[in-house]
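Asker: Pasting in a structure now, in structure tokens, and then I'll have a few things to ask.
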Amino acid sequence: MQQALKAFIELFSLSAMRYFVVAGIPFIVCYKLLNNWLSQSKIQDREAAKKDFIREILYSVQTTAILTVIGFTVLYTPVKNITRVYTSLSDYSIIWLLVSVALALVIHDTYFYWMHRLLHHPKIFNYTHLLHHKSTNPSPWASYSFHFFEAWTEGAALLVVVTILPMHPIAIGLFILSSFIINVYGHLGYEVAPLWLRKTIFFEIFNTSVHHNLHHSKFKGNYGLYLRFWDRVMGTEHPDYVKEFDRIQQNRLNAKIKQNVVSQAS
Ligand SMILES: [Zn+2]
Ligand SMILES: [Zn+2]
């Protein structure tokens, strides 16, 4: 019992550290240190309020606790027997370990899209997902800012993934970490994607920060998490998405050109 409690506390500390480090560093860099330099990358003109940050952090800590309960259940209770989690690294190849992370993200994207659409149902929205949408101008702190009920549905994604895919705890850790990093990028409030991205296939496949920011400012459309796939198939991608992305990137390009002219003149 004492050992289980120790494992739970360790898992929670690790999860909380992940939240504060992965969300905190981009927040300090974009909102405090380089906010002037990055002003052309800012997606919305208005500033997010301090009270939003506090609400987002408090709910994210609650979500972290709920996700820890789910992670603990998967790794340390008999529930593990109904999952395909394996603990001996020699059971599968190292290549599979990495492939399983990529596949987990694809499965999670599908799970998230449909769960997210359901949470936007008018009969459910006010009791669950409205809390996340209080952040109409999201910051990295909003990444885990979910209502108590929504946090369970978000965390259940892990159960779905590990009942489908054989995954080692290292792969689970990599999946959760990469998922959170992408989530923070989606809520960053700044578009930091390189300018060359637009002309590549990656822009057609993956979401950007503008993509999820539009979901927060407009409430409708852009329900996907990592990929544009489901929004395009289901016709739910916001019609202004590409235009808005191009507007921000053009502003960044103009600022870069101006900067070059100034430095050449001086
Ligand atoms: Zn939503
Ligand atoms: Zn969001």
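Every chain in the structure tokens has a letter given in the order shown (A, B, ...), and although residue numbers restart at 1 in each chain, ligands are simply numbered from 1 in the order shown.
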When you look at Arg228 in chain A with a cut-off of 10 Å (counting only C-alpha atoms), what residues show up, excluding the ones that are within fewer than 2 positions of it in the same chain? I need them as number ranges by chain.
Answerer: A: 109, 203-208, 211, 222-226, 230-233, 236-237
Asker: Counting only C-alpha atoms and all ligand atoms, what residues are within 8 Å of ligand 2, given as a ChimeraX atom specification?
Answerer: /A:132-133,135,138,142-143,183,186-187,212-213,215-216
Asker: Report, in Å to a single decimal, how far apart CA of Leu11 in chain A and CA of Phe72 in chain A are.
Answerer: 7.4 Å
Asker: Check the smallest atom-to-atom distance from each of A:Tyr92, A:Phe12, A:Tyr86, A:Phe125 to ligand 1 using only C-alpha atoms and all ligand atoms, then report the winner.
Answerer: A:Phe125
Asker: Pick from A:Ser217, A:Ser100, A:Ser139, A:Thr200: nearest to ligand 1, with only C-alpha atoms and all ligand atoms counted?
Answerer: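 The closest residue to ligand 1 is A:Ser217.
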Asker: Set the distance at 12 Å and use only C-alpha atoms: which residues neighbour Thr77 in chain A once local chain neighbours fewer than 5 positions away are removed? I'd like the list as a list in words.
Answerer: Met1, Ala4, Ala7, Phe8, Val69, Ile70, Gly71, Phe72, Ile82, Thr83 and Val85 of chain A
Asker: Using C-alpha atoms, can you export the residues from the last selection as a short mmCIF file (atom, residue, chain, number, x, y, z; two decimals), in the first residue's frame?
Answerer:
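Done, and the output landed in out_36.cif:
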data_model
loop_
_atom_site.label_atom_id
_atom_site.label_comp_id
_atom_site.auth_asym_id
_atom_site.auth_seq_id
_atom_site.Cartn_x
_atom_site.Cartn_y
_atom_site.Cartn_z
CA MET A 1 0.00 0.00 0.00
CA ALA A 4 1.61 2.16 -4.29
CA ALA A 7 4.54 5.29 -6.95
CA PHE A 8 1.46 7.52 -7.23
CA VAL A 69 -4.88 8.36 -11.52
CA ILE A 70 -5.43 6.99 -15.04
CA GLY A 71 -1.69 6.47 -15.67
CA PHE A 72 -1.30 4.78 -12.29
CA ILE A 82 -6.41 -6.00 -20.02
CA THR A 83 -3.99 -3.62 -21.75
CA VAL A 85 1.52 -2.84 -21.95
#
Asker: Which residue is closest to ligand 1? Choose from A:Ser88, A:Ser266, A:Thr128, A:Asn260 and count only C-alpha atoms and all ligand atoms.
Answerer: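 Smallest separation from ligand 1 among the options: A:Thr128.
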Asker: From a DSSP calculation on the backbone, collect every residue of range 116-194 of chain A in alpha helix (DSSP H) and output the set as a PyMOL selection string.
Answerer: chain A and resi 116-119+122-125+130-133+148-164+169-186
Asker: What's around Ala102 in chain A at 12 Å? Count only C-alpha atoms, leave out sequence neighbours fewer than 3 positions away in its own chain, and write the answer as a ChimeraX atom specification.
Answerer: /A:95-99,105-109,161,165,167,171-172,174-176,178-179,226
Asker: Taking into account only C-alpha atoms and all ligand atoms, which residue in the set A:Gln62, A:Gln44, A:Ser145, A:Thr68 is nearest to ligand 1?
Answerer: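 Using only C-alpha atoms and all ligand atoms, ligand 1 sits closest to A:Ser145.
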Asker: CA of Trp196 in chain A and CA of Leu253 in chain A are how many Å apart?
Answerer: 10.7 Å
Asker: Between A:Leu214, A:Thr163, A:Thr64, A:Asn81, which residue has the minimum interatomic distance to His147 in chain A, considering only C-alpha atoms?
Answerer: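 For His147 in chain A, the nearest of the candidates is A:Thr64.
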Asker: Choose the residue, out of A:Phe149, A:Trp141, A:Tyr127, A:Phe219, that has the smallest atom-to-atom separation from ligand 1; count only C-alpha atoms and all ligand atoms.
Answerer: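 Of A:Phe149, A:Trp141, A:Tyr127, A:Phe219, the one nearest ligand 1, counting only C-alpha atoms and all ligand atoms, is A:Phe219.
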Asker: Running DSSP on the backbone, which parts of range 30-245 of chain A land in strand (DSSP E or B), as a VMD selection string?
Answerer: chain A and resid 42 85 167 190 206 227
Asker: Write to file, as a short mmCIF file (atom, residue, chain, number, x, y, z; two decimals), in the first residue's frame, the residues of the selection just made, with C-alpha atoms.
Answerer:
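What landed in selection15.cif:
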data_model
loop_
_atom_site.label_atom_id
_atom_site.label_comp_id
_atom_site.auth_asym_id
_atom_site.auth_seq_id
_atom_site.Cartn_x
_atom_site.Cartn_y
_atom_site.Cartn_z
CA LYS A 42 1.09 36.98 -31.98
CA VAL A 85 1.52 -2.84 -21.95
CA MET A 167 3.42 -0.24 -25.56
CA TYR A 190 1.99 32.84 -31.09
CA PHE A 206 -0.39 18.81 -39.48
CA LEU A 227 -3.72 16.42 -37.84
#
